[in-house]
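File shown here: final_3.csv, holding CSV, C-alpha atoms.
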chain,number,residue,atom,x,y,z
A,1,MET,CA,86.2,144.5,57.9
A,2,PRO,CA,84.1,143.0,55.1
A,3,HIS,CA,81.2,140.7,55.7
A,4,LYS,CA,82.1,137.0,55.9
A,5,PHE,CA,80.3,134.7,53.6
A,6,TYR,CA,80.7,131.0,54.4
A,7,GLY,CA,79.9,128.9,51.3
A,8,GLY,CA,81.3,126.8,48.6
A,9,PRO,CA,81.5,126.7,44.8
A,10,LEU,CA,79.4,123.6,44.3
A,11,SER,CA,76.7,124.7,46.7
A,12,LEU,CA,73.4,125.5,45.0
A,13,TYR,CA,72.3,128.2,47.5
A,14,SER,CA,75.8,129.7,47.8
A,15,GLY,CA,75.5,130.3,44.1
A,16,LYS,CA,72.2,132.1,44.5
A,17,ALA,CA,73.5,134.4,47.3
A,18,ARG,CA,76.9,135.0,45.8
A,19,ALA,CA,75.4,136.2,42.5
A,20,TYR,CA,73.2,138.6,44.4
A,21,LEU,CA,76.0,139.9,46.6
A,22,ASP,CA,78.2,140.6,43.5
A,23,TRP,CA,75.4,142.5,41.7
A,24,LYS,CA,74.5,144.5,44.9
A,25,GLY,CA,78.2,145.5,45.3
A,26,VAL,CA,78.4,144.0,48.8
A,27,ASP,CA,82.0,144.0,50.3
A,28,TYR,CA,82.4,140.5,51.5
A,29,GLU,CA,85.0,137.8,51.9
A,30,GLU,CA,84.0,134.2,50.9
A,31,ILE,CA,85.3,131.5,53.2
A,32,LEU,CA,85.2,127.9,52.2
A,33,SER,CA,83.0,125.7,54.4
A,34,THR,CA,85.8,123.3,55.3
A,35,THR,CA,85.3,120.6,58.0
A,36,GLU,CA,87.0,122.9,60.5
A,37,VAL,CA,84.8,125.9,59.5
A,38,TYR,CA,81.7,123.8,60.0
A,39,ARG,CA,82.9,122.6,63.4
A,40,THR,CA,84.1,125.9,64.8
A,41,ILE,CA,81.9,128.5,63.2
A,42,ILE,CA,78.8,127.3,61.3
A,43,VAL,CA,77.4,124.7,63.7
A,44,PRO,CA,78.1,126.8,66.9
A,45,LYS,CA,76.4,129.8,65.3
A,46,VAL,CA,73.5,128.2,63.4
A,47,GLY,CA,73.0,124.8,65.2
A,48,ARG,CA,73.5,122.6,62.2
A,49,PRO,CA,75.9,122.1,59.2
A,50,VAL,CA,74.3,124.3,56.5
A,51,ILE,CA,75.5,126.8,54.0
A,52,PRO,CA,75.6,129.6,53.0
A,53,VAL,CA,76.0,131.5,56.2
A,54,MET,CA,76.7,135.3,56.3
A,55,VAL,CA,78.3,136.9,59.3
A,56,THR,CA,77.9,140.7,58.8
A,57,GLU,CA,80.6,143.2,59.7
A,58,ALA,CA,78.3,144.0,62.7
A,59,GLY,CA,78.5,140.4,63.9
A,60,GLU,CA,75.0,139.4,62.9
A,61,THR,CA,74.6,135.9,61.6
A,62,LEU,CA,72.3,135.3,58.7
A,63,GLN,CA,71.3,131.9,57.3
A,64,ASP,CA,69.0,131.3,54.3
A,65,THR,CA,69.6,133.0,51.0
A,66,THR,CA,66.3,134.9,51.0
A,67,LEU,CA,67.1,136.4,54.4
A,68,ILE,CA,70.6,137.3,53.3
A,69,ILE,CA,69.2,139.0,50.2
A,70,ASP,CA,66.5,140.9,52.1
A,71,HIS,CA,69.1,142.0,54.7
A,72,PHE,CA,71.2,143.8,52.1
A,73,GLU,CA,68.2,145.1,50.2
A,74,ALA,CA,67.3,146.9,53.4
A,75,GLN,CA,70.9,148.0,54.1
A,76,ILE,CA,72.0,149.2,50.7
A,77,GLY,CA,70.2,151.8,48.6
A,78,GLY,CA,70.0,152.0,44.9
A,79,PRO,CA,68.2,149.6,42.5
A,80,SER,CA,66.4,146.7,44.0
A,81,VAL,CA,65.9,143.1,42.8
A,82,TYR,CA,62.3,143.5,43.8
A,83,PRO,CA,60.1,145.1,41.1
A,84,ASP,CA,57.8,147.9,42.3
A,85,THR,CA,54.9,147.0,40.1
A,86,PRO,CA,52.4,144.2,41.0
A,87,LYS,CA,52.6,141.8,38.1
A,88,GLN,CA,56.4,141.9,37.9
A,89,ARG,CA,56.8,141.6,41.7
A,90,LEU,CA,54.5,138.6,41.8
A,91,VAL,CA,56.2,136.8,38.9
A,92,ALA,CA,59.6,137.5,40.4
A,93,LEU,CA,58.5,136.0,43.7
A,94,LEU,CA,57.0,133.0,42.0
A,95,MET,CA,60.1,132.3,40.0
A,96,GLU,CA,62.2,132.4,43.2
A,97,VAL,CA,60.0,129.6,44.7
A,98,PHE,CA,60.2,127.6,41.5
A,99,GLY,CA,64.0,127.8,41.3
A,100,ASP,CA,64.7,127.4,45.0
A,101,GLU,CA,62.2,124.7,45.8
A,102,TRP,CA,61.5,122.8,42.5
A,103,LEU,CA,64.5,122.9,40.2
A,104,VAL,CA,66.5,121.2,43.0
A,105,ILE,CA,65.0,118.0,41.5
A,106,PRO,CA,66.8,118.2,38.1
A,107,ALA,CA,69.8,119.8,39.8
A,108,MET,CA,70.3,116.8,42.0
A,109,HIS,CA,69.4,114.3,39.3
A,110,TYR,CA,72.0,115.6,36.9
A,111,ARG,CA,74.7,116.1,39.6
A,112,TRP,CA,74.5,112.5,41.0
A,113,ASN,CA,73.5,110.6,37.8
A,114,TYR,CA,75.9,112.4,35.4
A,115,ASN,CA,78.7,114.0,37.4
A,116,GLU,CA,79.1,111.8,40.5
A,117,GLU,CA,82.9,111.1,40.4
A,118,TRP,CA,83.7,114.7,39.6
A,119,VAL,CA,81.5,116.0,42.4
A,120,TYR,CA,83.3,113.8,45.0
A,121,GLY,CA,86.5,115.6,44.1
A,122,GLU,CA,84.8,118.9,44.5
A,123,PHE,CA,83.4,118.0,48.0
A,124,GLY,CA,86.9,116.9,49.1
A,125,ALA,CA,88.5,120.1,47.7
A,126,VAL,CA,86.1,122.2,49.8
A,127,ALA,CA,86.3,120.1,53.0
A,128,ALA,CA,90.1,119.8,52.9
A,129,PRO,CA,91.7,122.3,50.4
A,130,ALA,CA,95.2,121.5,51.6
A,131,ALA,CA,94.9,117.7,51.2
A,132,SER,CA,96.2,115.7,48.2
A,133,LYS,CA,93.9,114.9,45.3
A,134,GLU,CA,93.7,111.3,46.5
A,135,GLU,CA,92.8,112.4,50.1
A,136,GLN,CA,90.3,114.9,48.8
A,137,LEU,CA,88.6,112.1,46.8
A,138,THR,CA,88.3,109.9,49.8
A,139,ILE,CA,87.0,112.7,52.0
A,140,GLY,CA,84.6,113.8,49.2
A,141,ARG,CA,83.2,110.3,48.8
A,142,GLU,CA,82.4,110.2,52.5
A,143,ARG,CA,80.9,113.7,52.6
A,144,GLY,CA,79.1,113.4,49.3
A,145,GLN,CA,77.2,110.2,50.2
A,146,THR,CA,74.8,112.1,52.4
A,147,PHE,CA,73.8,114.4,49.5
A,148,LYS,CA,73.6,111.5,47.0
A,149,GLY,CA,71.3,109.9,49.5
A,150,PHE,CA,68.8,112.7,49.1
A,151,CYS,CA,68.0,111.7,45.5
A,152,PRO,CA,65.4,109.0,46.3
A,153,ILE,CA,63.6,111.1,48.8
A,154,LEU,CA,63.5,113.9,46.3
A,155,GLY,CA,61.6,111.6,43.9
A,156,ILE,CA,64.5,110.8,41.6
A,157,ASN,CA,64.4,107.2,40.6
A,158,GLU,CA,64.3,105.0,37.5
A,159,GLN,CA,60.6,105.6,37.0
A,160,THR,CA,60.7,109.4,37.2
A,161,ILE,CA,64.1,110.2,35.7
A,162,PRO,CA,63.0,110.2,32.0
A,163,ALA,CA,60.2,112.6,32.9
A,164,ILE,CA,62.5,114.8,34.9
A,165,GLU,CA,64.9,115.0,32.0
A,166,SER,CA,62.0,115.7,29.5
A,167,SER,CA,60.7,118.5,31.8
A,168,TYR,CA,64.1,120.0,32.3
A,169,GLU,CA,64.9,120.0,28.6
A,170,ALA,CA,61.5,121.6,27.8
A,171,LEU,CA,62.2,124.3,30.5
A,172,LEU,CA,65.6,125.0,29.0
A,173,ALA,CA,64.0,125.4,25.6
A,174,ASP,CA,61.4,127.9,27.0
A,175,LEU,CA,64.1,129.9,28.9
A,176,ASP,CA,66.4,129.8,25.8
A,177,ARG,CA,63.6,131.5,23.7
A,178,HIS,CA,63.2,134.1,26.5
A,179,PHE,CA,66.9,134.9,26.8
A,180,VAL,CA,67.2,135.5,23.1
A,181,GLN,CA,65.2,138.7,23.7
A,182,TYR,CA,66.0,139.7,27.3
A,183,ASP,CA,69.1,139.8,29.5
A,184,TYR,CA,67.1,138.7,32.6
A,185,LEU,CA,63.6,137.5,33.4
A,186,LEU,CA,62.0,141.0,33.5
A,187,GLY,CA,64.3,143.3,31.5
A,188,SER,CA,67.9,144.4,31.8
A,189,ARG,CA,68.0,144.1,35.6
A,190,PRO,CA,68.1,140.8,37.5
A,191,SER,CA,65.1,140.2,39.8
A,192,ILE,CA,64.7,138.0,42.9
A,193,GLY,CA,63.2,135.5,40.4
A,194,ASP,CA,66.5,135.4,38.5
A,195,TYR,CA,68.3,134.6,41.8
A,196,GLY,CA,65.9,131.8,42.5
A,197,LEU,CA,66.7,130.2,39.2
A,198,ILE,CA,70.5,130.8,39.3
A,199,GLY,CA,71.2,128.5,42.2
A,200,PRO,CA,70.3,125.3,40.5
A,201,LEU,CA,71.0,126.5,37.0
A,202,PHE,CA,74.5,127.6,37.9
A,203,ALA,CA,75.9,125.6,40.8
A,204,HIS,CA,74.7,122.2,39.5
A,205,LEU,CA,73.4,122.4,36.0
A,206,TYR,CA,76.0,124.8,34.4
A,207,ARG,CA,79.1,124.3,36.6
A,208,ASP,CA,79.0,120.5,36.8
A,209,PRO,CA,80.8,119.4,33.6
A,210,VAL,CA,78.4,116.9,31.9
A,211,SER,CA,75.3,118.9,32.7
A,212,GLY,CA,77.1,122.1,31.7
A,213,GLU,CA,77.8,120.6,28.3
A,214,ILE,CA,74.1,119.7,28.0
A,215,MET,CA,73.0,123.2,28.9
A,216,LYS,CA,75.4,124.8,26.5
A,217,ARG,CA,74.4,122.5,23.7
A,218,LEU,CA,70.6,122.6,24.2
A,219,ALA,CA,70.2,126.2,25.5
A,220,PRO,CA,73.2,128.5,24.7
A,221,ASN,CA,71.2,131.6,25.6
A,222,VAL,CA,70.5,130.1,29.1
A,223,ALA,CA,74.2,129.5,29.5
A,224,ALA,CA,74.9,133.1,28.5
A,225,TRP,CA,72.4,134.3,31.1
A,226,VAL,CA,74.1,132.1,33.7
A,227,GLU,CA,77.4,133.8,32.8
A,228,ARG,CA,75.9,137.3,33.1
A,229,MET,CA,74.5,136.4,36.5
A,230,VAL,CA,77.7,135.0,38.0
A,231,ASP,CA,80.2,137.3,36.3
A,232,VAL,CA,78.7,140.7,37.2
A,233,GLN,CA,80.1,143.4,34.9
A,234,GLN,CA,78.0,146.3,36.1
A,235,PRO,CA,76.7,146.1,39.7
A,236,LEU,CA,73.4,147.9,40.5
A,237,SER,CA,72.6,148.4,36.8
A,238,GLY,CA,69.7,147.8,34.5
A,239,GLU,CA,65.9,148.4,34.5
A,240,PHE,CA,62.8,146.3,34.7
A,241,LEU,CA,60.5,146.5,31.7
A,242,PRO,CA,58.2,149.5,31.6
A,243,ASP,CA,54.4,149.4,32.3
A,244,ASP,CA,54.6,146.3,34.4
A,245,GLU,CA,55.1,144.2,31.3
A,246,ILE,CA,55.5,140.4,31.6
A,247,PRO,CA,57.1,138.9,28.5
A,248,ASP,CA,55.0,136.3,26.7
A,249,THR,CA,58.1,134.1,26.7
A,250,LEU,CA,57.7,133.6,30.5
A,251,VAL,CA,54.2,132.2,30.2
A,252,PRO,CA,55.3,128.6,29.5
A,253,VAL,CA,57.7,128.8,32.4
A,254,LEU,CA,54.9,129.9,34.8
A,255,GLU,CA,52.6,127.3,33.4
A,256,ARG,CA,55.2,124.6,34.1
A,257,MET,CA,55.4,125.8,37.7
A,258,MET,CA,51.6,125.8,38.0
A,259,ALA,CA,51.3,122.3,36.5
A,260,GLU,CA,54.2,120.6,38.4
A,261,GLN,CA,54.9,122.4,41.6
A,262,MET,CA,51.7,124.0,42.8
A,263,PRO,CA,49.6,120.7,43.1
A,264,PHE,CA,52.5,119.2,45.1
A,265,LEU,CA,52.7,122.3,47.4
A,266,GLN,CA,48.9,122.0,48.0
A,267,LYS,CA,49.4,118.4,49.1
A,268,THR,CA,52.3,119.5,51.3
A,269,ALA,CA,50.1,122.2,52.9
A,270,ASP,CA,47.3,119.8,53.6
A,271,MET,CA,49.8,117.3,55.1
A,272,PHE,CA,51.4,120.0,57.2
A,273,ALA,CA,48.1,121.3,58.5
A,274,ALA,CA,47.2,117.8,59.7
A,275,TRP,CA,50.7,117.4,61.2
A,276,ALA,CA,50.5,120.7,63.1
A,277,GLU,CA,47.1,119.9,64.4
A,278,THR,CA,48.4,116.9,66.3
A,279,ASN,CA,52.0,118.2,67.0
A,280,PRO,CA,51.4,121.8,68.2
A,281,ASP,CA,54.5,121.9,70.5
A,282,ILE,CA,57.0,119.9,68.5
A,283,GLU,CA,59.8,121.4,66.4
A,284,ILE,CA,58.8,121.4,62.7
A,285,PRO,CA,60.6,118.6,60.9
A,286,ARG,CA,62.3,118.8,57.5
A,287,ALA,CA,59.4,116.8,56.0
A,288,VAL,CA,55.9,115.8,57.1
A,289,GLY,CA,55.9,112.6,55.0
A,290,MET,CA,56.0,111.7,51.4
A,291,ALA,CA,53.6,113.3,48.8
A,292,ASP,CA,52.7,112.5,45.3
A,293,PHE,CA,54.0,114.7,42.5
A,294,ALA,CA,53.6,114.5,38.7
A,295,VAL,CA,56.1,115.6,36.0
A,296,GLU,CA,55.3,115.0,32.3
A,297,GLY,CA,52.5,112.7,33.1
A,298,VAL,CA,54.7,110.5,35.4
A,299,THR,CA,53.8,110.2,39.1
A,300,GLY,CA,56.3,109.8,41.9
A,301,GLN,CA,56.6,110.5,45.5
A,302,ARG,CA,59.0,112.9,47.3
A,303,ILE,CA,59.4,114.5,50.7
A,304,ALA,CA,56.8,117.1,51.6
A,305,PRO,CA,58.9,120.0,53.1
A,306,PRO,CA,57.2,122.7,55.2
A,307,PHE,CA,60.1,125.1,54.2
A,308,SER,CA,58.7,125.2,50.7
A,309,LEU,CA,55.4,126.5,52.2
A,310,TRP,CA,57.3,129.3,53.9
A,311,MET,CA,58.8,130.3,50.6
A,312,LEU,CA,55.4,130.2,48.9
A,313,GLN,CA,54.0,132.5,51.6
A,314,ARG,CA,56.0,135.3,50.1
A,315,PRO,CA,54.1,135.5,46.8
A,316,LEU,CA,50.8,134.4,48.4
A,317,ASP,CA,51.0,137.1,51.0
A,318,TYR,CA,52.0,139.7,48.4
A,319,TYR,CA,49.1,138.7,46.2
A,320,ARG,CA,46.5,138.7,48.9
A,321,ASP,CA,47.6,142.1,50.3
A,322,LEU,CA,47.5,143.9,47.0
A,323,PRO,CA,45.2,147.0,46.7
A,324,GLU,CA,42.0,146.2,44.8
A,325,ALA,CA,43.1,147.9,41.5
A,326,ASP,CA,46.4,146.1,41.5
A,327,LYS,CA,44.8,142.8,42.3
A,328,LEU,CA,42.4,143.2,39.4
A,329,ALA,CA,45.4,143.7,37.1
A,330,VAL,CA,47.2,140.7,38.5
A,331,ASP,CA,44.1,138.6,38.2
A,332,ALA,CA,43.6,139.6,34.6
A,333,PHE,CA,47.2,138.5,34.0
A,334,LEU,CA,46.9,135.2,35.9
A,335,SER,CA,43.7,134.4,33.9
A,336,THR,CA,46.0,134.0,30.9
A,337,ILE,CA,48.2,131.4,32.7
A,338,ASP,CA,46.9,127.8,32.5
A,339,GLY,CA,46.7,126.3,35.9
A,340,ALA,CA,47.1,129.6,37.8
A,341,SER,CA,44.0,128.9,39.8
A,342,ALA,CA,46.1,126.5,41.8
A,343,PHE,CA,48.0,129.5,43.1
A,344,ARG,CA,45.0,131.9,43.4
A,345,ASN,CA,43.0,129.4,45.3
A,346,PHE,CA,45.8,127.9,47.4
A,347,THR,CA,44.8,127.0,50.9
A,348,ALA,CA,47.2,126.9,53.8
A,349,GLU,CA,45.7,126.7,57.2
A,350,ARG,CA,48.9,127.5,59.1
A,351,GLN,CA,51.3,130.4,58.6
A,352,LEU,CA,55.0,129.8,59.1
A,353,ALA,CA,57.9,132.0,60.3
A,354,PHE,CA,61.6,131.5,60.0
A,355,LYS,CA,63.4,132.8,63.1
A,356,ASN,CA,66.6,131.9,64.9
A,357,PHE,CA,67.6,129.7,62.0
A,358,LYS,CA,64.5,127.5,62.5
A,359,LEU,CA,61.1,127.1,60.9
A,360,GLY,CA,58.2,127.6,63.3
A,361,LEU,CA,54.5,128.4,63.4
A,362,ALA,CA,53.8,132.1,63.0

Can you dump the structure from the file as structure tokens?
Amino acid sequence: MPHKFYGGPLSLYSGKARAYLDWKGVDYEEILSTTEVYRTIIVPKVGRPVIPVMVTEAGETLQDTTLIIDHFEAQIGGPSVYPDTPKQRLVALLMEVFGDEWLVIPAMHYRWNYNEEWVYGEFGAVAAPAASKEEQLTIGRERGQTFKGFCPILGINEQTIPAIESSYEALLADLDRHFVQYDYLLGSRPSIGDYGLIGPLFAHLYRDPVSGEIMKRLAPNVAAWVERMVDVQQPLSGEFLPDDEIPDTLVPVLERMMAEQMPFLQKTADMFAAWAETNPDIEIPRAVGMADFAVEGVTGQRIAPPFSLWMLQRPLDYYRDLPEADKLAVDAFLSTIDGASAFRNFTAERQLAFKNFKLGLA
């Protein structure tokens, strides 16, 4: 029996996990997250309506794309999406955080401000695949309102939208220059960083029709990378660049992350530390308040999610545990990245763990 993957074509994180499963050559069956599947399988197993969820052939339930990927990295031999060398490994981990936890902002903006009517039909088609188009649209409107409602708390509003679009178009231009020369971020093999980026850049920003047209027009090489990622022609193939090389074309992408995301994450960490101090025995909430963020010189506020700090722990822990010689090499590289001190000097008083489908203090 193959593994069972519960997801959906319009789901950002389903897109991330699916692309990985296809490249890794995992034998799985994808099952739509219909209303019935949520009620009878996902909520009973995980405790809340969330996708993707993987139920392995051994009956183990996995939720969260990073944990799904790490499970199969441990189970299946052959090439890994985690580079062995220190600079490439760190960059790949950083790009996963950037894609997973930051590019959700443009992904949600373009979906709900450019593709809203189309997306309602998509929600309905997933929830009730046997229903008529009219019924699907009605169901989709009801189901989609929750997701549309996330836009304001993600910092998407009239004041920030021009800056969000300017930042996203600049990112597309930087990535387009990179993918002229390279199939993936770090060579001819996809890394965990590619999978961080593919969720928002495929499921929302390529697949949704209006934003897909924008990507293909402004950044055809990014669109071609998306197509390579989601239509895997040669599983378990390719190599990372030799000698721990980081392409110069990735420097602007890393600098964008350091300028936009890292200051916000530091504010989130500070807020979470204060929250944990006064709430030691309470389940960690989805957000610990609203925090300032800045994009292209425009300031807004968005929810401060502790989950983003758990994701950031991966590159932080890797960096801090490096042997001295490797750390020197990584520091030399980071010194060439404007704003990288925000990562190197990041302070987080509380460590987090993700166990039993919940975030908790480590």

*Counting all atoms listed in the file, which of A:Val298, A:Val53, A:Thr40, A:Pro263 gets nearest to Ser166 (chain A)?*
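Looking at the shortest contact to Ser166 (chain A), the residue is A:Val298.
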
*asked:* Can you tell me which residues surround Thr61 (chain A) at a distance of at most 12 Å, considering all atoms listed in the file, apart from same-chain residues fewer than 5 positions away, and format the answer as a list of chain:residue names?
replied: A:His3, A:Lys4, A:Phe5, A:Tyr6, A:Ile41, A:Ile42, A:Val43, A:Pro44, A:Lys45, A:Val46, A:Gly47, A:Ile51, A:Pro52, A:Val53, A:Met54, A:Val55, A:Thr56, A:Leu67, A:Ile68, A:His71, A:Lys355, A:Asn356, A:Phe357

*Would you mind listing what lies within 10 Å of Pro242 (chain A) as a ChimeraX atom specification, with only C-alpha atoms counted and same-chain residues fewer than 5 positions away left out?*
/A:85,186-187

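What separates CA of Met258 (chain A) from CA of Phe343 (chain A) is a distance of 7.3 Å.
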
*Between A:Ser188, A:Ser80, A:Gln145, A:Ser11, which one has atoms that come closest to Val104 (chain A), using all atoms listed in the file?*
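The closest residue to Val104 (chain A) is A:Ser11.
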
*Calculate how many Å separate CA of Cys151 (chain A) from CA of Met108 (chain A), rounding to one decimal.*
6.6 Å
